[in-house]
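Source file: entry_35.txt. Holds: compact mmCIF, C-alpha atoms and all ligand atoms.
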```txt
# COMPACT_ATOMS: atom_id res chain seq x y z
CA MET I 1 0.00 0.00 0.00
CA ILE I 2 1.17 3.52 -0.72
CA THR I 3 1.18 5.46 2.50
CA SER I 4 2.96 8.35 4.15
CA THR I 5 6.30 7.35 5.60
CA GLU I 6 6.00 9.65 8.60
CA THR I 7 3.15 10.98 10.67
CA LEU I 8 3.43 14.65 11.41
CA PRO I 9 3.76 15.69 15.04
CA THR I 10 0.50 17.43 15.94
CA SER I 11 2.45 20.06 17.89
CA GLN I 12 4.22 21.26 14.73
CA ILE I 13 3.00 24.75 13.92
CA ASN I 14 2.27 25.28 10.29
CA LYS I 15 2.45 29.00 9.63
CA VAL I 16 0.50 28.67 6.40
CA ILE I 17 -2.70 27.60 8.18
CA PRO I 18 -3.65 31.07 9.55
CA LEU I 19 -3.11 32.58 6.08
CA LEU I 20 -5.33 29.94 4.52
CA GLU I 21 -7.93 30.50 7.26
CA LYS I 22 -8.02 34.21 6.44
CA ASN I 23 -8.38 33.51 2.72
CA TYR I 24 -11.17 31.01 3.45
CA GLY I 25 -12.97 33.58 5.60
CA ASN I 26 -12.77 36.18 2.83
CA ASN I 27 -14.13 33.65 0.35
CA LEU I 28 -17.06 32.79 2.68
CA ASP I 29 -17.90 36.49 3.00
CA SER I 30 -18.11 36.99 -0.77
CA ASP I 31 -21.17 36.45 -2.96
CA TYR I 32 -19.59 36.00 -6.40
CA THR I 33 -20.74 32.39 -6.75
CA GLU I 34 -24.33 33.46 -6.04
CA LYS I 35 -24.01 36.12 -8.75
CA ILE I 36 -22.82 33.46 -11.21
CA GLN I 37 -25.78 31.21 -10.27
CA GLU I 38 -28.20 34.03 -10.97
CA LEU I 39 -26.63 34.77 -14.37
CA ASP I 40 -26.69 31.05 -15.14
CA ARG I 41 -30.44 30.78 -14.29
CA ASN I 42 -31.40 33.68 -16.58
CA PHE I 43 -29.08 33.12 -19.56
CA LYS I 44 -30.64 33.31 -23.03
CA TYR I 45 -28.37 33.41 -26.06
CA THR I 46 -30.69 35.70 -28.01
CA SER I 47 -30.46 38.38 -25.29
CA ASN I 48 -26.65 38.38 -25.60
CA SER I 49 -26.05 37.60 -29.26
CA ASN I 50 -25.53 41.17 -30.53
CA ALA I 51 -22.74 42.15 -28.15
CA TYR I 52 -19.06 41.27 -27.93
CA TRP I 53 -18.40 39.17 -24.84
CA SER I 54 -14.74 40.21 -24.68
CA GLU I 55 -12.31 42.40 -26.64
CA PRO I 56 -12.31 41.43 -30.36
CA GLU I 57 -8.73 40.19 -29.90
CA HIS I 58 -10.21 37.39 -27.83
CA SER I 59 -12.04 35.89 -30.79
CA LEU I 60 -11.49 32.57 -32.46
CA LEU I 61 -9.32 32.96 -35.61
CA TYR I 62 -8.46 36.58 -34.67
CA GLY I 63 -5.53 37.84 -36.74
CA THR I 64 -6.04 35.21 -39.48
CA PRO I 65 -6.82 36.10 -43.12
CA LEU I 66 -10.30 34.62 -42.58
CA TYR I 67 -11.03 36.97 -39.67
CA GLU I 68 -10.06 39.98 -41.78
CA GLN I 69 -12.72 39.28 -44.37
CA ALA I 70 -15.43 38.05 -41.94
CA SER I 71 -18.73 39.96 -41.62
CA LEU I 72 -19.79 41.58 -38.33
CA SER I 73 -22.16 38.72 -37.48
CA GLN I 74 -19.38 36.19 -38.19
CA LYS I 75 -16.98 38.19 -36.01
CA LEU I 76 -19.51 38.16 -33.17
CA ALA I 77 -19.94 34.40 -33.57
CA LEU I 78 -16.15 33.93 -33.45
CA ASN I 79 -15.99 36.07 -30.33
CA HIS I 80 -18.70 33.98 -28.62
CA LEU I 81 -17.14 30.69 -29.70
CA HIS I 82 -13.81 31.78 -28.25
CA TRP I 83 -15.58 32.19 -24.90
CA VAL I 84 -17.21 28.76 -25.36
CA LEU I 85 -13.95 26.99 -26.17
CA PHE I 86 -12.05 28.67 -23.35
CA TYR I 87 -14.69 27.82 -20.75
CA LYS I 88 -15.14 24.29 -22.07
CA ARG I 89 -11.53 23.74 -21.07
CA VAL I 90 -12.00 25.58 -17.75
CA ALA I 91 -15.08 23.45 -16.96
CA ASP I 92 -13.11 20.29 -17.79
CA SER I 93 -10.22 21.41 -15.57
CA GLU I 94 -12.62 22.15 -12.73
CA THR I 95 -14.32 18.76 -13.15
CA GLU I 96 -10.90 17.18 -12.70
CA LEU I 97 -10.19 19.42 -9.70
CA ILE I 98 -13.25 18.16 -7.83
CA HIS I 99 -11.52 14.80 -7.67
CA TYR I 100 -8.08 16.09 -6.70
CA ASN I 101 -9.25 18.69 -4.17
CA THR I 102 -11.01 15.92 -2.26
CA ILE I 103 -8.31 13.28 -2.27
CA THR I 104 -5.52 15.70 -1.35
CA ALA I 105 -7.56 17.25 1.48
CA ASP I 106 -8.21 13.75 2.73
CA CYS I 107 -4.51 12.90 2.60
CA LEU I 108 -3.44 16.02 4.52
CA MET I 109 -6.13 15.54 7.14
CA ALA I 110 -5.06 11.91 7.64
CA ALA I 111 -1.49 13.12 8.22
CA ASN I 112 -2.43 15.72 10.82
CA SER I 113 -5.86 16.34 12.34
CA GLU I 114 -4.93 20.02 12.74
CA TYR I 115 -5.43 20.31 9.01
CA LYS I 116 -9.18 19.70 9.37
CA MET I 117 -9.82 23.29 8.26
CA LEU I 118 -8.29 22.42 4.88
CA VAL I 119 -10.96 19.77 4.28
CA GLU I 120 -13.66 22.40 4.83
CA LEU I 121 -11.88 25.04 2.74
CA LEU I 122 -11.35 22.68 -0.19
CA ALA I 123 -14.91 21.33 0.08
CA HIS I 124 -16.14 24.92 -0.19
CA GLU I 125 -13.98 25.59 -3.25
CA THR I 126 -15.21 22.32 -4.76
CA SER I 127 -18.83 23.34 -4.30
CA GLN I 128 -18.06 26.68 -5.97
CA GLU I 129 -16.49 24.81 -8.91
CA ARG I 130 -19.70 22.81 -9.31
CA HIS I 131 -21.64 26.07 -9.78
CA HIS I 132 -18.99 27.44 -12.15
CA ILE I 133 -19.09 24.26 -14.24
CA HIS I 134 -22.88 24.42 -14.41
CA ALA I 135 -22.86 28.02 -15.63
CA PHE I 136 -20.14 27.43 -18.24
CA SER I 137 -21.83 24.28 -19.53
CA LEU I 138 -25.21 25.94 -19.84
CA VAL I 139 -23.88 28.99 -21.73
CA ASN I 140 -21.78 26.69 -23.92
CA TYR I 141 -24.73 24.41 -24.70
CA LYS I 142 -27.10 27.23 -25.63
CA THR I 143 -24.48 29.15 -27.62
CA THR I 144 -23.21 26.14 -29.55
CA LYS I 145 -26.77 25.10 -30.38
CA ALA I 146 -27.68 28.61 -31.56
CA LEU I 147 -24.57 29.12 -33.68
CA LEU I 148 -23.60 25.72 -35.01
CA GLY I 149 -26.92 23.88 -34.85
CA LYS I 150 -28.09 20.77 -33.04
CA LYS I 151 -25.72 18.52 -35.02
CA ALA I 152 -22.69 20.14 -33.42
CA LEU I 153 -24.00 19.11 -30.00
CA ILE I 154 -23.60 15.43 -30.79
CA ASN I 155 -19.92 16.00 -30.15
CA PRO I 156 -19.83 19.63 -29.05
CA VAL I 157 -16.61 21.63 -29.59
CA SER I 158 -14.60 18.81 -28.13
CA ASP I 159 -13.53 16.77 -31.09
CA GLU I 160 -10.01 17.59 -30.16
CA VAL I 161 -10.44 15.51 -27.00
CA SER I 162 -10.50 12.36 -29.06
CA VAL I 163 -7.66 13.56 -31.29
CA ARG I 164 -5.48 14.35 -28.29
CA GLU I 165 -6.53 11.14 -26.56
CA GLN I 166 -5.44 9.10 -29.57
CA LYS I 167 -2.12 10.91 -29.65
CA ARG I 168 -1.59 10.31 -25.98
CA VAL I 169 -2.21 6.60 -26.36
CA GLN I 170 0.15 6.47 -29.34
CA SER I 171 2.66 8.73 -27.68
CA SER I 172 6.01 7.15 -27.00
CA ASN I 173 7.87 10.15 -25.63
CA TYR I 174 10.19 9.58 -22.73
CA LEU I 175 7.86 11.20 -20.24
CA SER I 176 4.84 9.00 -20.81
CA SER I 177 6.95 5.91 -21.24
CA ALA I 178 8.71 6.47 -17.95
CA ALA I 179 5.55 7.37 -16.08
CA ASN I 180 3.58 4.48 -17.59
CA LEU I 181 6.26 2.02 -16.71
CA ILE I 182 6.49 3.14 -13.11
CA ALA I 183 2.74 3.36 -12.86
CA MET I 184 2.27 -0.22 -14.03
CA PHE I 185 4.86 -1.37 -11.55
CA MET I 186 3.28 0.53 -8.66
CA LEU I 187 -0.28 -0.46 -9.50
CA LYS I 188 0.54 -4.13 -9.37
CA SER I 189 1.07 -3.86 -5.64
CA LYS I 190 -1.71 -1.34 -5.05
CA LYS I 191 -4.30 -1.99 -2.36
CA PRO I 192 -7.18 0.34 -1.48
CA SER I 193 -6.00 3.31 0.55
CA GLU I 194 -7.03 3.50 4.20
CA THR I 195 -6.54 7.24 4.45
CA GLU I 196 -9.94 8.31 3.22
CA ASN I 197 -12.15 9.64 5.93
CA SER I 198 -15.39 10.61 4.23
CA ARG I 199 -18.04 9.40 1.83
CA ASP I 200 -16.98 12.21 -0.48
CA GLY I 201 -13.48 10.85 -0.36
CA LYS I 202 -14.68 7.41 -1.43
CA GLU I 203 -16.67 8.90 -4.27
CA ALA I 204 -13.74 11.05 -5.33
CA LYS I 205 -11.42 8.09 -5.38
CA SER I 206 -13.58 6.40 -7.99
CA GLN I 207 -12.54 8.01 -11.24
CA VAL I 208 -14.63 10.51 -13.18
CA SER I 209 -16.59 8.36 -15.62
CA PHE I 210 -16.38 10.63 -18.67
CA PRO I 211 -13.36 11.97 -20.49
CA THR I 212 -12.29 15.51 -19.73
CA ASN I 213 -9.83 17.71 -21.55
CA GLY I 214 -8.74 20.11 -18.83
CA PHE I 215 -5.40 21.24 -17.47
CA PHE I 216 -5.05 17.98 -15.50
CA ASN I 217 -6.15 15.91 -18.51
CA GLY I 218 -3.40 13.41 -18.08
CA PHE I 219 -4.73 12.77 -14.63
CA SER I 220 -8.46 12.27 -14.88
CA GLY I 221 -11.23 10.33 -16.55
CA LYS I 222 -11.81 6.64 -17.00
CA SER I 223 -8.89 5.48 -19.03
CA THR I 224 -6.75 2.50 -19.66
CA GLN I 225 -3.68 4.62 -19.05
CA PRO I 226 -2.10 3.64 -15.76
CA ARG I 227 -0.35 7.03 -15.73
CA ARG I 228 -3.55 8.75 -14.64
CA GLN I 229 -4.21 6.34 -11.81
CA PHE I 230 -0.58 6.67 -10.82
CA PHE I 231 -0.61 10.44 -10.27
CA SER I 232 -3.95 10.21 -8.54
CA ASP I 233 -2.63 7.61 -6.08
CA ASN I 234 0.51 9.58 -5.36
CA TRP I 235 -1.15 12.96 -4.84
CA GLY I 236 -3.72 11.32 -2.60
CA SER I 237 -1.25 9.37 -0.45
CA TYR I 238 1.84 11.44 0.42
CA PRO I 239 1.38 14.81 2.19
CA PHE I 240 4.34 16.30 0.29
CA LEU I 241 2.80 15.24 -3.02
CA ALA I 242 -0.67 16.42 -1.95
CA ALA I 243 0.95 19.85 -1.51
CA ASN I 244 2.75 19.45 -4.85
CA PHE I 245 -0.64 19.01 -6.53
CA TYR I 246 -1.35 22.64 -5.56
CA ALA I 247 1.80 23.77 -7.35
CA VAL I 248 0.33 22.21 -10.51
CA ARG I 249 -3.05 23.76 -9.65
CA TYR I 250 -1.34 27.13 -9.29
CA MET I 251 0.05 26.73 -12.81
CA ALA I 252 -3.53 26.20 -14.02
CA ASN I 253 -4.72 29.19 -11.96
CA LEU I 254 -2.08 31.40 -13.61
CA GLY I 255 -3.13 30.20 -17.06
CA LEU I 256 -6.75 31.03 -16.26
CA LYS I 257 -5.87 34.43 -14.80
CA ASN I 258 -3.65 35.25 -17.79
CA HIS I 259 -6.79 35.27 -19.95
CA GLU I 260 -9.60 36.05 -17.52
CA PHE I 261 -7.99 39.26 -16.31
CA GLY I 262 -8.69 40.67 -19.80
CA LEU I 263 -12.37 39.70 -19.50
CA HIS I 264 -12.54 41.29 -16.05
CA THR I 265 -11.00 44.51 -17.46
CA TYR I 266 -13.47 44.44 -20.36
CA TYR I 267 -16.36 44.14 -17.85
CA LYS I 268 -15.03 47.13 -15.87
CA LYS I 269 -14.69 49.19 -19.05
CA LEU I 270 -18.31 48.52 -20.08
CA GLN I 271 -19.52 49.22 -16.56
CA LYS I 272 -17.64 52.53 -16.42
CA ASN I 273 -19.10 53.60 -19.78
CA ASN I 274 -22.59 52.48 -18.76
CA GLU I 275 -22.74 50.11 -21.73
CA PHE I 276 -24.62 46.80 -22.08
CA ILE I 277 -22.76 43.93 -20.41
CA ALA I 278 -23.45 40.49 -21.87
CA SER I 279 -24.12 37.79 -19.26
CA PRO I 280 -21.06 35.68 -20.22
CA THR I 281 -18.84 38.75 -19.66
CA ALA I 282 -20.38 39.14 -16.19
CA ILE I 283 -19.93 35.41 -15.47
CA SER I 284 -16.24 35.76 -16.41
CA HIS I 285 -15.89 38.80 -14.16
CA TYR I 286 -17.38 37.06 -11.12
CA HIS I 287 -15.47 33.88 -11.88
CA PHE I 288 -12.25 35.91 -11.98
CA LEU I 289 -13.07 37.23 -8.49
CA ASP I 290 -14.03 33.78 -7.13
CA GLU I 291 -10.89 32.24 -8.57
CA ALA I 292 -8.70 34.83 -6.85
CA PHE I 293 -9.45 32.97 -3.58
CA HIS I 294 -8.61 29.63 -5.20
CA THR I 295 -5.38 31.03 -6.63
CA THR I 296 -4.33 32.21 -3.16
CA THR I 297 -5.09 28.76 -1.74
CA SER I 298 -2.98 27.14 -4.48
CA LEU I 299 -0.10 29.52 -3.86
CA PHE I 300 0.09 28.95 -0.10
CA LEU I 301 -0.38 25.18 -0.43
CA GLY I 302 1.82 24.77 -3.51
CA ARG I 303 4.66 27.13 -2.57
CA ASP I 304 4.86 27.25 1.23
CA PHE I 305 3.01 24.35 2.83
CA HIS I 306 5.64 21.69 2.12
CA LYS I 307 8.19 23.63 4.22
CA TYR I 308 6.25 22.52 7.31
CA LEU I 309 6.09 18.88 6.29
CA PRO I 310 8.73 16.20 6.88
CA LYS I 311 11.47 16.34 4.25
CA PRO I 312 10.39 14.53 1.06
CA SER I 313 12.10 11.34 -0.03
CA ARG I 314 13.92 11.20 -3.37
CA TYR I 315 10.96 9.30 -4.73
CA GLU I 316 8.52 12.05 -3.67
CA LYS I 317 10.71 14.77 -5.22
CA TRP I 318 10.94 12.75 -8.38
CA ILE I 319 7.17 12.33 -8.69
CA ALA I 320 6.61 16.02 -7.91
CA ASN I 321 8.94 16.96 -10.78
CA LEU I 322 7.32 14.47 -13.11
CA ALA I 323 3.91 16.03 -12.37
CA ILE I 324 5.10 19.54 -13.24
CA LEU I 325 6.91 18.30 -16.32
CA GLN I 326 3.76 16.58 -17.46
CA ALA I 327 1.67 19.72 -16.86
CA GLN I 328 4.02 21.59 -19.22
CA HIS I 329 3.90 18.84 -21.85
CA GLU I 330 0.13 18.48 -21.80
CA ASN I 331 -0.89 22.13 -21.70
CA LEU I 332 1.88 24.48 -22.72
CA ASN I 333 3.81 22.93 -25.56
CA ALA I 334 3.06 25.13 -28.59
CA ILE I 335 1.87 28.42 -30.07
CA SER I 336 -1.57 28.74 -31.65
CA GLY I 337 -2.61 30.78 -34.67
CA ILE I 338 -6.35 30.53 -33.93
CA SER I 339 -6.71 31.60 -30.29
CA THR I 340 -4.80 34.04 -28.12
CA ASN I 341 -4.76 31.90 -25.00
CA ARG I 342 -4.21 28.44 -26.42
CA PHE I 343 -0.76 26.90 -26.08
CA LEU I 344 -1.32 23.61 -27.86
CA SER I 345 -0.97 22.50 -31.45
CA ASP I 346 -3.71 23.73 -33.78
CA GLY I 347 -3.65 20.37 -35.53
CA ASP I 348 -5.95 19.06 -32.80
CA ALA I 349 -8.57 21.68 -33.71
CA ILE I 350 -8.92 20.90 -37.44
CA ILE I 351 -12.01 18.71 -37.04
CA PHE I 352 -13.75 21.43 -35.05
CA LEU I 353 -12.76 24.09 -37.60
CA MET I 354 -14.22 21.95 -40.39
CA LYS I 355 -17.52 21.84 -38.47
CA LEU I 356 -17.46 25.57 -37.83
CA LEU I 357 -16.72 26.59 -41.43
CA GLN I 358 -19.42 24.29 -42.80
CA SER I 359 -21.96 25.44 -40.19
CA PRO I 360 -24.56 28.16 -40.90
CA VAL I 361 -22.03 30.75 -39.57
CA PHE I 362 -19.78 30.41 -42.68
CA ASP I 363 -21.73 27.98 -44.85
CA MET I 364 -18.67 26.79 -46.80
CA SER I 365 -18.23 23.63 -48.83
CA ALA I 366 -15.74 21.09 -47.47
CA GLN I 367 -13.21 22.12 -50.10
CA GLU I 368 -13.49 25.84 -49.26
CA ALA I 369 -13.24 25.05 -45.56
CA MET I 370 -10.02 23.11 -46.11
CA GLN I 371 -8.48 25.93 -48.15
CA TRP I 372 -9.19 28.42 -45.38
CA ILE I 373 -7.94 26.12 -42.65
CA GLU I 374 -4.68 25.76 -44.53
CA LYS I 375 -4.34 29.56 -44.79
CA CYS I 376 -5.08 30.04 -41.08
CA LEU I 377 -2.89 27.24 -39.71
CA CYS I 378 -0.04 26.86 -42.15
CA GLN I 379 0.97 30.45 -42.96
CA GLU I 380 2.35 33.12 -40.67
CA HIS I 381 -0.16 35.82 -39.70
CA GLN I 382 -0.88 38.26 -36.87
CA GLY I 383 -2.75 35.64 -34.81
CA PHE I 384 0.48 33.74 -34.08
CA HIS I 385 2.20 36.95 -32.92
CA VAL I 386 -0.65 37.91 -30.59
CA ASN I 387 -0.54 34.42 -29.09
CA LEU I 388 3.25 34.55 -28.65
CA LYS I 389 2.95 37.77 -26.62
CA VAL I 390 0.38 36.18 -24.30
CA HIS I 391 2.51 33.03 -24.12
CA ASN I 392 5.59 34.98 -23.04
CA HIS I 393 3.65 36.81 -20.35
CA LEU I 394 2.44 33.51 -18.89
CA LEU I 395 5.91 31.96 -19.21
CA SER I 396 7.41 34.79 -17.18
CA ASP I 397 4.75 34.40 -14.43
CA LEU I 398 5.24 30.64 -14.31
CA ARG I 399 9.03 31.01 -14.07
CA LYS I 400 8.69 33.49 -11.20
CA PHE I 401 6.66 30.86 -9.35
CA ALA I 402 8.86 27.90 -10.26
CA LYS I 403 12.00 29.68 -9.02
CA GLN I 404 10.50 29.60 -5.53
CA LEU I 405 10.27 25.79 -5.42
CA ASP I 406 13.64 24.48 -4.30
CA TYR I 407 12.91 20.86 -5.23
CA LEU I 408 12.47 21.47 -8.98
CA TRP I 409 14.68 20.16 -11.75
CA PRO I 410 16.08 22.83 -14.13
CA VAL I 411 13.63 21.77 -16.87
CA ASN I 412 10.77 22.72 -14.51
CA ARG I 413 12.45 25.69 -12.85
CA ASN I 414 12.97 27.28 -16.28
CA MET I 415 9.72 25.97 -17.75
CA SER I 416 11.88 24.69 -20.60
CA VAL I 417 9.17 22.65 -22.34
CA MET I 418 6.89 25.67 -22.50
CA ALA I 419 9.77 27.93 -23.56
CA SER I 420 10.78 25.64 -26.41
CA GLY I 421 7.16 25.44 -27.58
CA GLY I 422 7.10 29.24 -27.96
CA SER I 423 8.22 29.23 -31.57
CA ILE I 424 5.98 30.39 -34.41
CA LYS I 425 8.14 28.58 -36.95
CA LYS I 426 7.95 25.26 -35.11
CA SER I 427 4.20 25.60 -34.56
CA ILE I 428 3.54 26.29 -38.25
CA GLN I 429 5.69 23.31 -39.24
CA ASN I 430 3.66 21.10 -36.89
CA ASN I 431 0.42 22.53 -38.27
CA ILE I 432 1.53 21.78 -41.85
CA LYS I 433 2.24 18.19 -40.86
CA ALA I 434 -1.13 17.81 -39.12
CA PHE I 435 -3.00 19.50 -41.97
CA ASN I 436 -1.40 17.29 -44.64
CA GLU I 437 -2.25 14.22 -42.62
CA PHE I 438 -5.84 15.39 -42.22
CA ALA I 439 -6.18 16.25 -45.93
CA HIS I 440 -4.75 12.86 -46.89
CA ASN I 441 -7.17 10.97 -44.62
CA TYR I 442 -10.05 13.15 -45.79
CA ALA I 443 -9.30 12.39 -49.45
CA LEU I 444 -9.07 8.66 -48.68
CA LYS I 445 -12.44 8.75 -46.92
CA GLU I 446 -14.03 10.68 -49.80
CA ASN I 447 -12.73 8.11 -52.29
CA THR I 448 -14.03 5.24 -50.19
CA ASP I 449 -17.44 6.92 -49.75
CA SER I 450 -17.80 7.66 -53.47
CA GLY I 451 -16.73 4.09 -54.30
CA ASN I 452 -19.55 2.65 -52.16
FE FE X 1 -13.95 27.95 -11.16
FE FE X 2 -11.08 27.32 -8.95
```
Render the structure in this file as structure tokens.
Ligand SMILES: [Fe+2]
Ligand SMILES: [Fe+2]
Amino acid sequence: MITSTETLPTSQINKVIPLLEKNYGNNLDSDYTEKIQELDRNFKYTSNSNAYWSEPEHSLLYGTPLYEQASLSQKLALNHLHWVLFYKRVADSETELIHYNTITADCLMAANSEYKMLVELLAHETSQERHHIHAFSLVNYKTTKALLGKKALINPVSDEVSVREQKRVQSSNYLSSAANLIAMFMLKSKKPSETENSRDGKEAKSQVSFPTNGFFNGFSGKSTQPRRQFFSDNWGSYPFLAANFYAVRYMANLGLKNHEFGLHTYYKKLQKNNEFIASPTAISHYHFLDEAFHTTTSLFLGRDFHKYLPKPSRYEKWIANLAILQAQHENLNAISGISTNRFLSDGDAIIFLMKLLQSPVFDMSAQEAMQWIEKCLCQEHQGFHVNLKVHNHLLSDLRKFAKQLDYLWPVNRNMSVMASGGSIKKSIQNNIKAFNEFAHNYALKENTDSGN
């Protein structure tokens, strides 16, 4: 059984606890979640369809040749779909968090009963995430249905989940190979953990039964990949690694803040000018404020908490580094030409773009759609440069954080995977490869279909 090697002395004073208590109190005193619930209850797409939900820069395909010649109604649709895609990923990340918040709280509480407050704090954050997820999903459902039609809801805006999933399974890079190998080895001797202390904990330990594509996507969902089970078991069993999970969560918080701050500023600008504020803009604004509490929790737990725990073993340090390395690989490995805040290959989004360009928004033939996709993904344009600027801002924030963790390997301290992904040239080359592969498979399928 995987278990903590040492039990913490209850007399040990953890100086982070009072700071977390204060943050928890501030969160309890706020009413941002209630505001989100109200906006969620009353959301109608038609009441919000004529307004931008964020600055035009935060629109899908912004800076591409297609965006330049799009009509106003198409530009509005691209602006709304950018919101949808961003919050689809946020909702997925938060679905994954519900699992990890619970198992890590459980682990820390089992190590030291003085950490009981953490269980309550994280349960409160978890319940807030449930309301956030509900609001995002409802706006996404209604918006996708209105813009792309009912057909798009059969596999809504998430075709890239299956593309990325396939790649992950096929992936043979050193990271997944190493982690899979260790995971298989560890799982062979795995017995049920005895650290869980609540019904919630038991529920959380059973994996989420649908695939998610969030920041912790390597770590959640029912999957045959032992890697996911492996990280889950480690974060939920060693206090040092439970705290390390919050370092990864802080990386996700920074990624969210890097984009959502712009939405919050946009809300403030409209409010100051007494202009109409679309409900999704208001949801983003209140979510930004709610998440500030979560970000503070992640920072104290991820950066400082481990200093009050027994020294980690070499194994624990190794797993902690592997987790951060994986977070870079899975979320921050490229530059995008189609979205300002996306740091993954655009190749994964081709299927969705085909759906979008053939939907009533653009009404293109398959051939036209493919020509435009090639122009947007495989040639340099302003969109890539806007993304690179946002990428570099996030990279600098992540490095500032990573420098404060003394147990990190240089590749994590310098965020080297993310840094090396920040190349327009490399990203376009990867897009060309993915596009050619897609076009080849598409032509094969067309030939087969016409032959039948
Ligand atoms: Fe949230
Ligand atoms: Fe959160």
Which is closer to ligand FE 1 (chain X) than all the others in I:Tyr67, I:Tyr246, I:Phe288, I:Tyr24, using all atoms listed in the file?
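For ligand FE 1 (chain X), the nearest of the given residues is I:Phe288.
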Quick one: residues within 12 Å of I:Asp31, only C-alpha atoms counted, chain neighbours fewer than 6 positions away excluded, as JSON, numbers by chain?
{"I": [37, 38, 128, 286, 287, 289, 290]}
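Closest to I:Glu21 among I:Asn436, I:Asn273, I:Ser427, I:Thr297 is I:Thr297, based on all atoms listed in the file.
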Ligand FE 1 (chain X) neighbours within 6 Å using only C-alpha atoms and all ligand atoms, as a ChimeraX atom specification:
/I:129,132,291
Write out as CSV the residues of chain I that have any atom within 12 Å of an atom of ligand FE 2 (chain X), one row each with the nearest atom pair and its distance in Å to one decimal, counting only C-alpha atoms and all ligand atoms, sorted by chain and then rising number.
```
residue,atom,partner,partner_atom,distance
I:Asn27,CA,X:FE2,FE,11.7
I:Thr33,CA,X:FE2,FE,11.1
I:Val90,CA,X:FE2,FE,9.0
I:Ala91,CA,X:FE2,FE,9.8
I:Asp92,CA,X:FE2,FE,11.5
I:Ser93,CA,X:FE2,FE,8.9
I:Glu94,CA,X:FE2,FE,6.6
I:Thr95,CA,X:FE2,FE,10.1
I:Glu96,CA,X:FE2,FE,10.8
I:Leu97,CA,X:FE2,FE,8.0
I:Ile98,CA,X:FE2,FE,9.5
I:Tyr100,CA,X:FE2,FE,11.8
I:Asn101,CA,X:FE2,FE,10.0
I:Leu121,CA,X:FE2,FE,11.9
I:Leu122,CA,X:FE2,FE,9.9
I:Ala123,CA,X:FE2,FE,11.5
I:His124,CA,X:FE2,FE,10.4
I:Glu125,CA,X:FE2,FE,6.6
I:Thr126,CA,X:FE2,FE,7.7
I:Ser127,CA,X:FE2,FE,9.9
I:Gln128,CA,X:FE2,FE,7.6
I:Glu129,CA,X:FE2,FE,6.0
I:Arg130,CA,X:FE2,FE,9.7
I:His131,CA,X:FE2,FE,10.7
I:His132,CA,X:FE2,FE,8.5
I:Ile133,CA,X:FE2,FE,10.1
I:Phe215,CA,X:FE2,FE,11.9
I:Tyr246,CA,X:FE2,FE,11.3
I:Arg249,CA,X:FE2,FE,8.8
I:Tyr250,CA,X:FE2,FE,9.7
I:Met251,CA,X:FE2,FE,11.8
I:Ala252,CA,X:FE2,FE,9.2
I:Asn253,CA,X:FE2,FE,7.3
I:Leu254,CA,X:FE2,FE,10.9
I:Gly255,CA,X:FE2,FE,11.7
I:Leu256,CA,X:FE2,FE,9.3
I:Lys257,CA,X:FE2,FE,10.6
I:Tyr286,CA,X:FE2,FE,11.8
I:His287,CA,X:FE2,FE,8.4
I:Phe288,CA,X:FE2,FE,9.2
I:Leu289,CA,X:FE2,FE,10.1
I:Asp290,CA,X:FE2,FE,7.3
I:Glu291,CA,X:FE2,FE,4.9
I:Ala292,CA,X:FE2,FE,8.2
I:Phe293,CA,X:FE2,FE,8.0
I:His294,CA,X:FE2,FE,5.0
I:Thr295,CA,X:FE2,FE,7.2
I:Thr296,CA,X:FE2,FE,10.1
I:Thr297,CA,X:FE2,FE,9.5
I:Ser298,CA,X:FE2,FE,9.3
```
Write out as a list in words which residues come within 9 Å of stretch 430-432 of chain I when counting all atoms listed in the file, dropping same-chain ones fewer than 4 positions away.
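Non-adjacent residues within range: Ser345, Asp346, Gly347, Glu374, Leu377, Cys378, Gln379, Lys425, Lys426, Asn436 and Glu437 of chain I.
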Limited to C-alpha atoms, could you put the picked residues into a file as a tab-separated table (two decimals), in the frame of the given file?
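What landed in selection10.tsv:
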```tsv
chain	number	residue	atom	x	y	z
I	345	SER	CA	-0.97	22.50	-31.45
I	346	ASP	CA	-3.71	23.73	-33.78
I	347	GLY	CA	-3.65	20.37	-35.53
I	374	GLU	CA	-4.68	25.76	-44.53
I	377	LEU	CA	-2.89	27.24	-39.71
I	378	CYS	CA	-0.04	26.86	-42.15
I	379	GLN	CA	0.97	30.45	-42.96
I	425	LYS	CA	8.14	28.58	-36.95
I	426	LYS	CA	7.95	25.26	-35.11
I	436	ASN	CA	-1.40	17.29	-44.64
I	437	GLU	CA	-2.25	14.22	-42.62
```
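The closest residue to I:Leu76, picked from I:Ser59, I:Gln328, I:Thr64, I:Asn244 and counting all atoms listed in the file, is I:Ser59.
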In the coordinate frame of the file, compute which residues have an atom within 12 Å of (1.0, 24.2, 11.3) when using all atoms listed in the file, and state them as an MDAnalysis selection string.
chainID I and resid 8:21 108:109 111:118 301 304:310
Could you tell me how far atom CA of I:Thr340 lies from atom CA of I:Val386, in Å and to one decimal?
6.2 Å
One decimal, Å: what's the distance from atom CA of I:Val390 over to atom CA of I:Leu270, could you say?
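Distance between the two atoms: 22.8 Å.
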Looking at all atoms listed in the file, which of I:Trp318, I:Phe362, I:Phe86, I:Tyr238 is the one that sits closest to I:Leu60?
I:Phe86
Show which residues sit within 7 Å of I:Arg89, as a ChimeraX atom specification. Count only C-alpha atoms, and ignore same-chain residues fewer than 4 positions away.
/I:85,93,213-214
Report the distance between atom CA of I:Asn341 and atom CA of I:Asn258 in Å, rounded to one decimal place.
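Computing it gives 8.0 Å between the two atoms.
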